[in-house]
Amino acid sequence: MASPFRPALALLTQYAQYHRDRRNILTHFVGVPMIVFGIGVLLSRPGFMVGTLMLSPAWLAFAAVALWYVTRGELLLGVAASAATALLLLLAHRVTDGGIGPWLGWGLGFFVVGWIVQFVGHYYEGRKPAFADDLVGLLVGPMFVVMEMLAALGLFRSLVREIERHAGPTMLRNLAHPA
């Protein structure tokens, strides 16, 4: 496995090589946030107070992930990916007030359905998910989705062009012909 501390361009380029079919990228817009939300729910317990601040394993993991995002050399993208993750964790913590049943239902439900959506996307892609070859792909996924969403709004276009220069353009794979 390559170092997880590579620059964002290298990480996103490697990830993009597994995500060239536009249908796969679209499924990631749904599946990745669902997975992050599900993990946030599952890691929302146990909560514990530190002074006036309520912490959970989710927030401790978030601190490490956010630090990783903002130190990959694309500060604005790192901040955006961290903000999106924080929003999903805030929402995840709001649905866990019930008992163990709702907590597990929300957490496992979103996590499992999110992965089903991901695997449907990879059917269109004709390739296995990126994390199958490099576990750091699990961290790059949310950053990639945020970059793609913001690129659609006109941001990070030069970064996307550089990624496409290495990974190739997006396309619609002909499902009648294997990759």
# chains A, B, ... in the order shown; residues from 1 in each chain; ligands from 1

$ closest_atom_pairs --of "segment 81-136 of chain A" --to "segment 55-77 of chain A" --cutoff "8 Å" --atoms "only C-alpha atoms" --output "Markdown table"
| residue | atom | partner | partner_atom | distance |
| --- | --- | --- | --- | --- |
| A:Ala81 | CA | A:Leu77 | CA | 6.0 |
| A:Ser82 | CA | A:Ala66 | CA | 5.1 |
| A:Thr85 | CA | A:Phe62 | CA | 7.7 |
| A:Ala86 | CA | A:Phe62 | CA | 7.4 |
| A:Leu89 | CA | A:Ala58 | CA | 7.3 |

$ closest_atom_pairs --of "segment 62-148 of chain A" --to "segment 33-54 of chain A" --cutoff "6 Å" --atoms "only C-alpha atoms" --output "CSV"
residue,atom,partner,partner_atom,distance
A:Leu88,CA,A:Phe37,CA,5.4
A:Leu89,CA,A:Gly40,CA,5.1
A:Ala92,CA,A:Val41,CA,4.8
A:His93,CA,A:Ser44,CA,5.9
A:Gly107,CA,A:Gly38,CA,4.2
A:Phe110,CA,A:Gly38,CA,4.8
A:Phe111,CA,A:Ile35,CA,4.5
A:Gly114,CA,A:Met34,CA,4.9

$ write_last_selection --atoms "N, CA and C atoms" --output "mmCIF file, in the first residue's frame"
data_model
loop_
_atom_site.group_PDB
_atom_site.id
_atom_site.type_symbol
_atom_site.label_atom_id
_atom_site.label_comp_id
_atom_site.auth_asym_id
_atom_site.auth_seq_id
_atom_site.Cartn_x
_atom_site.Cartn_y
_atom_site.Cartn_z
ATOM 1 N N LEU A 88 -22.330 16.140 8.044
ATOM 2 C CA LEU A 88 -22.907 14.791 8.127
ATOM 3 C C LEU A 88 -22.836 14.239 9.546
ATOM 4 N N LEU A 89 -21.752 14.518 10.262
ATOM 5 C CA LEU A 89 -21.642 14.041 11.649
ATOM 6 C C LEU A 89 -22.626 14.759 12.564
ATOM 7 N N ALA A 92 -25.808 13.129 11.937
ATOM 8 C CA ALA A 92 -25.776 11.764 12.477
ATOM 9 C C ALA A 92 -26.014 11.756 13.981
ATOM 10 N N HIS A 93 -25.459 12.715 14.677
ATOM 11 C CA HIS A 93 -25.635 12.767 16.128
ATOM 12 C C HIS A 93 -27.059 13.139 16.523
ATOM 13 N N GLY A 107 -27.678 3.706 11.751
ATOM 14 C CA GLY A 107 -26.262 3.541 11.431
ATOM 15 C C GLY A 107 -26.005 2.436 10.424
ATOM 16 N N PHE A 110 -27.954 3.089 6.858
ATOM 17 C CA PHE A 110 -27.284 4.011 5.941
ATOM 18 C C PHE A 110 -25.960 3.449 5.446
ATOM 19 N N PHE A 111 -25.217 2.805 6.319
ATOM 20 C CA PHE A 111 -23.928 2.237 5.935
ATOM 21 C C PHE A 111 -24.106 1.165 4.861
ATOM 22 N N GLY A 114 -25.651 2.587 1.584
ATOM 23 C CA GLY A 114 -24.625 3.377 0.920
ATOM 24 C C GLY A 114 -23.651 2.503 0.145
#

$ select_by_dssp --residues "segment 30-167 of chain A" --states "strand (DSSP E or B)" --output "MDAnalysis selection string"
chainID A and resid 48:50 53:55

$ residues_around --residues "segment 6-15 of chain A" --least-positions-apart "2" --cutoff "8 Å" --atoms "only C-alpha atoms" --output "list in words"
Ser3, Pro4, Gln17, Tyr18, His19, Arg72, Gly73, Glu74, Ala130, Gly137, Val140, Gly141, Phe144, Leu159, Glu162, Ile163, Glu164, His166 and Ala167 of chain A

$ residues_around --residues "Tyr124 of chain A" --least-positions-apart "2" --cutoff "12 Å" --atoms "only C-alpha atoms" --output "MDAnalysis selection string"
chainID A and resid 18:28 117:122 126:129 171:179

$ select_by_dssp --residues "chain A" --states "alpha helix (DSSP H)" --output "PyMOL selection string"
chain A and resi 8-16+22-42+57-70+75-94+100-125+137-152+157-167

$ decode --residues "segment 64-153 of chain A" --atoms "C-alpha atoms" --output "PDB file, in the first residue's frame"
ATOM      1  CA  ALA A  64      -7.834  13.118  12.621  1.00  0.00           C
ATOM      2  CA  VAL A  65      -9.549  12.930   9.210  1.00  0.00           C
ATOM      3  CA  ALA A  66     -10.003  16.720   8.982  1.00  0.00           C
ATOM      4  CA  LEU A  67      -6.335  17.230   9.824  1.00  0.00           C
ATOM      5  CA  TRP A  68      -5.439  14.738   7.082  1.00  0.00           C
ATOM      6  CA  TYR A  69      -7.690  16.516   4.545  1.00  0.00           C
ATOM      7  CA  VAL A  70      -6.250  19.977   5.161  1.00  0.00           C
ATOM      8  CA  THR A  71      -2.634  18.767   5.000  1.00  0.00           C
ATOM      9  CA  ARG A  72      -2.813  17.122   1.548  1.00  0.00           C
ATOM     10  CA  GLY A  73      -1.767  20.314  -0.258  1.00  0.00           C
ATOM     11  CA  GLU A  74      -5.192  21.535  -1.413  1.00  0.00           C
ATOM     12  CA  LEU A  75      -6.245  23.591   1.594  1.00  0.00           C
ATOM     13  CA  LEU A  76      -9.593  24.836   0.247  1.00  0.00           C
ATOM     14  CA  LEU A  77     -10.594  21.342  -0.820  1.00  0.00           C
ATOM     15  CA  GLY A  78      -9.469  19.997   2.558  1.00  0.00           C
ATOM     16  CA  VAL A  79     -11.575  22.594   4.370  1.00  0.00           C
ATOM     17  CA  ALA A  80     -14.572  21.856   2.125  1.00  0.00           C
ATOM     18  CA  ALA A  81     -14.270  18.083   2.637  1.00  0.00           C
ATOM     19  CA  SER A  82     -13.917  18.620   6.392  1.00  0.00           C
ATOM     20  CA  ALA A  83     -16.967  20.907   6.476  1.00  0.00           C
ATOM     21  CA  ALA A  84     -19.073  18.402   4.532  1.00  0.00           C
ATOM     22  CA  THR A  85     -17.980  15.603   6.864  1.00  0.00           C
ATOM     23  CA  ALA A  86     -18.715  17.737   9.938  1.00  0.00           C
ATOM     24  CA  LEU A  87     -22.206  18.499   8.634  1.00  0.00           C
ATOM     25  CA  LEU A  88     -22.907  14.791   8.127  1.00  0.00           C
ATOM     26  CA  LEU A  89     -21.642  14.041  11.649  1.00  0.00           C
ATOM     27  CA  LEU A  90     -23.809  16.786  13.147  1.00  0.00           C
ATOM     28  CA  LEU A  91     -26.833  15.262  11.415  1.00  0.00           C
ATOM     29  CA  ALA A  92     -25.776  11.764  12.477  1.00  0.00           C
ATOM     30  CA  HIS A  93     -25.635  12.767  16.128  1.00  0.00           C
ATOM     31  CA  ARG A  94     -29.171  14.176  15.938  1.00  0.00           C
ATOM     32  CA  VAL A  95     -30.771  10.818  15.052  1.00  0.00           C
ATOM     33  CA  THR A  96     -29.190   8.820  17.860  1.00  0.00           C
ATOM     34  CA  ASP A  97     -31.260  10.090  20.759  1.00  0.00           C
ATOM     35  CA  GLY A  98     -33.456   6.963  20.801  1.00  0.00           C
ATOM     36  CA  GLY A  99     -32.541   3.560  22.116  1.00  0.00           C
ATOM     37  CA  ILE A 100     -30.151   1.019  20.717  1.00  0.00           C
ATOM     38  CA  GLY A 101     -32.631  -0.086  18.013  1.00  0.00           C
ATOM     39  CA  PRO A 102     -32.910   3.278  16.234  1.00  0.00           C
ATOM     40  CA  TRP A 103     -29.168   3.892  16.706  1.00  0.00           C
ATOM     41  CA  LEU A 104     -28.245   0.590  15.026  1.00  0.00           C
ATOM     42  CA  GLY A 105     -31.054   0.897  12.463  1.00  0.00           C
ATOM     43  CA  TRP A 106     -29.964   4.344  11.271  1.00  0.00           C
ATOM     44  CA  GLY A 107     -26.262   3.541  11.431  1.00  0.00           C
ATOM     45  CA  LEU A 108     -26.244   0.118   9.827  1.00  0.00           C
ATOM     46  CA  GLY A 109     -29.062   1.005   7.435  1.00  0.00           C
ATOM     47  CA  PHE A 110     -27.284   4.011   5.941  1.00  0.00           C
ATOM     48  CA  PHE A 111     -23.928   2.237   5.935  1.00  0.00           C
ATOM     49  CA  VAL A 112     -25.210  -0.886   4.143  1.00  0.00           C
ATOM     50  CA  VAL A 113     -27.454   0.940   1.651  1.00  0.00           C
ATOM     51  CA  GLY A 114     -24.625   3.377   0.920  1.00  0.00           C
ATOM     52  CA  TRP A 115     -22.330   0.474   0.031  1.00  0.00           C
ATOM     53  CA  ILE A 116     -25.019  -1.119  -2.140  1.00  0.00           C
ATOM     54  CA  VAL A 117     -25.273   2.165  -4.066  1.00  0.00           C
ATOM     55  CA  GLN A 118     -21.465   2.200  -4.392  1.00  0.00           C
ATOM     56  CA  PHE A 119     -21.350  -1.331  -5.780  1.00  0.00           C
ATOM     57  CA  VAL A 120     -24.080  -0.494  -8.311  1.00  0.00           C
ATOM     58  CA  GLY A 121     -21.851   2.359  -9.478  1.00  0.00           C
ATOM     59  CA  HIS A 122     -18.885   0.049  -9.795  1.00  0.00           C
ATOM     60  CA  TYR A 123     -20.984  -2.298 -11.909  1.00  0.00           C
ATOM     61  CA  TYR A 124     -21.281   0.575 -14.396  1.00  0.00           C
ATOM     62  CA  GLU A 125     -17.570   1.254 -14.023  1.00  0.00           C
ATOM     63  CA  GLY A 126     -16.603  -2.356 -14.635  1.00  0.00           C
ATOM     64  CA  ARG A 127     -13.948  -2.093 -11.918  1.00  0.00           C
ATOM     65  CA  LYS A 128     -13.648  -2.879  -8.255  1.00  0.00           C
ATOM     66  CA  PRO A 129     -13.701   0.019  -5.758  1.00  0.00           C
ATOM     67  CA  ALA A 130     -10.439   1.910  -5.217  1.00  0.00           C
ATOM     68  CA  PHE A 131     -10.146   0.818  -1.584  1.00  0.00           C
ATOM     69  CA  ALA A 132      -9.751  -2.797  -2.730  1.00  0.00           C
ATOM     70  CA  ASP A 133      -6.219  -1.894  -3.836  1.00  0.00           C
ATOM     71  CA  ASP A 134      -5.460   0.908  -1.370  1.00  0.00           C
ATOM     72  CA  LEU A 135      -7.400   1.406   1.869  1.00  0.00           C
ATOM     73  CA  VAL A 136      -6.666   5.140   1.811  1.00  0.00           C
ATOM     74  CA  GLY A 137      -9.360   5.264  -0.886  1.00  0.00           C
ATOM     75  CA  LEU A 138     -11.869   5.133   1.980  1.00  0.00           C
ATOM     76  CA  LEU A 139     -10.637   8.580   3.055  1.00  0.00           C
ATOM     77  CA  VAL A 140     -10.239   9.926  -0.482  1.00  0.00           C
ATOM     78  CA  GLY A 141     -13.841   9.101  -1.460  1.00  0.00           C
ATOM     79  CA  PRO A 142     -15.470  11.975   0.456  1.00  0.00           C
ATOM     80  CA  MET A 143     -12.790  14.401  -0.768  1.00  0.00           C
ATOM     81  CA  PHE A 144     -13.368  13.249  -4.362  1.00  0.00           C
ATOM     82  CA  VAL A 145     -17.148  13.674  -4.081  1.00  0.00           C
ATOM     83  CA  VAL A 146     -16.789  17.171  -2.599  1.00  0.00           C
ATOM     84  CA  MET A 147     -14.329  18.112  -5.349  1.00  0.00           C
ATOM     85  CA  GLU A 148     -16.669  16.819  -8.081  1.00  0.00           C
ATOM     86  CA  MET A 149     -19.671  18.651  -6.597  1.00  0.00           C
ATOM     87  CA  LEU A 150     -17.781  21.919  -6.274  1.00  0.00           C
ATOM     88  CA  ALA A 151     -16.225  21.515  -9.740  1.00  0.00           C
ATOM     89  CA  ALA A 152     -19.769  21.376 -11.130  1.00  0.00           C
ATOM     90  CA  LEU A 153     -20.215  24.840  -9.563  1.00  0.00           C
TER      91      LEU A 153
END
